[in-house]
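Student: Just passing along the structure, written as structure tokens.
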Amino acid sequence: MRTQFWRALITALIPLGVLGTLIAVTVAPVNAHHSFAAEFDASKPITLTGVVTQIDWANPHVWFYINVKDEEGKMTRWACEMGAPHQLQQRGWLRDTMKVGDMVTMVGSLSRDGAKRANARMVTTSDGKTLGAASSGDPTTTRQ
């Protein structure tokens, strides 16, 4: 009798344990995602023009890196965050819209921590095309 009780209890608890593990695994990445306001300051706009040195086209955000010449002629590497790949594609972007070596202009918001990072709202490519960057900090961007 006792053996049947424990067998029934274990049979009932295993699916609950599996379900709990699945929920924990799927919720963890969502909690790790940052908000725009936590990392960037919309009250500190910035426009950068520079040469693209790297593009990371991946979820959850596309990042591109540009070398920007400052007032003294010194090159500084900036990291620029855009939206997710599918959001960019909805705005006309393709993986090869921007290439390493292209001169681009980015309009966006500065990082809160003073690092050379920005959240891009608009990017003008080397061929003169201006595209939205699917920024979560852009009030005109509708969430997809």
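Labels for the structure tokens follow display order: chains A, B, ..., residues from 1 in each chain, ligands from 1.
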Wanna dump the segment 47-89 of chain A-segment 114-129 of chain A contacts at 9 Å for me, each residue with its shortest atom pair and the distance in Å to one decimal, counting only C-alpha atoms, ordered by chain and number, as CSV?

Tutor:
residue,atom,partner,partner_atom,distance
A:Thr76,CA,A:Lys116,CA,8.1
A:Arg77,CA,A:Lys116,CA,7.1
A:Trp78,CA,A:Lys116,CA,5.0
A:Ala79,CA,A:Arg117,CA,4.6
A:Cys80,CA,A:Ala118,CA,4.9
A:Glu81,CA,A:Asn119,CA,4.7
A:Met82,CA,A:Ala120,CA,5.5
A:Gly83,CA,A:Ala120,CA,8.5

Student: Which of these, A:Leu88, A:Ile10, A:Leu94, A:Val100, has the shortest distance to Asn67 of chain A once you count only C-alpha atoms?

Tutor: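 Closest residue, counting only C-alpha atoms: A:Val100.
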
Student: If I take atom CA of Leu48 of chain A and atom CA of Lys74 of chain A, how far is one from the other in Å, to one decimal?

Tutor: 14.0 Å

Student: Find the nearest atom pair between each residue of segment 36-74 of chain A and segment 101-108 of chain A for residues within 9 Å, count only C-alpha atoms, give distances in Å to one decimal, sort rows by chain and ascending number, and present the table as JSON lines.

Tutor:
{"residue": "A:Ala42", "atom": "CA", "partner": "A:Gly108", "partner_atom": "CA", "distance": 8.0}
{"residue": "A:Lys44", "atom": "CA", "partner": "A:Gly108", "partner_atom": "CA", "distance": 8.5}
{"residue": "A:Pro45", "atom": "CA", "partner": "A:Gly108", "partner_atom": "CA", "distance": 5.6}
{"residue": "A:Ile46", "atom": "CA", "partner": "A:Gly108", "partner_atom": "CA", "distance": 5.4}
{"residue": "A:Thr47", "atom": "CA", "partner": "A:Val107", "partner_atom": "CA", "distance": 4.5}
{"residue": "A:Leu48", "atom": "CA", "partner": "A:Met106", "partner_atom": "CA", "distance": 5.2}
{"residue": "A:Thr49", "atom": "CA", "partner": "A:Thr105", "partner_atom": "CA", "distance": 4.2}
{"residue": "A:Gly50", "atom": "CA", "partner": "A:Met103", "partner_atom": "CA", "distance": 5.4}
{"residue": "A:Val51", "atom": "CA", "partner": "A:Met103", "partner_atom": "CA", "distance": 4.5}
{"residue": "A:Val52", "atom": "CA", "partner": "A:Gly101", "partner_atom": "CA", "distance": 5.2}
{"residue": "A:Thr53", "atom": "CA", "partner": "A:Gly101", "partner_atom": "CA", "distance": 6.3}
{"residue": "A:Gln54", "atom": "CA", "partner": "A:Gly101", "partner_atom": "CA", "distance": 8.8}
{"residue": "A:Ile66", "atom": "CA", "partner": "A:Val104", "partner_atom": "CA", "distance": 8.2}

Student: Could you check the closest approach to Gln90 of chain A for each of A:Thr11, A:Tyr65, A:Met75, A:Ala134 and tell me which residue wins, using only C-alpha atoms?

Tutor: A:Ala134

Student: If I take atom CA of Arg91 of chain A and atom CA of Ser43 of chain A, how far is one from the other in Å, to one decimal?

Tutor: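 For atom CA of Arg91 of chain A relative to atom CA of Ser43 of chain A, the distance reads 24.5 Å.
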
Student: Which residue out of A:Leu110, A:Ala133, A:Val62, A:Ile14 has the minimum interatomic distance to Asp41 of chain A when only C-alpha atoms are used?

Tutor: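 The closest residue to Asp41 of chain A is A:Leu110.
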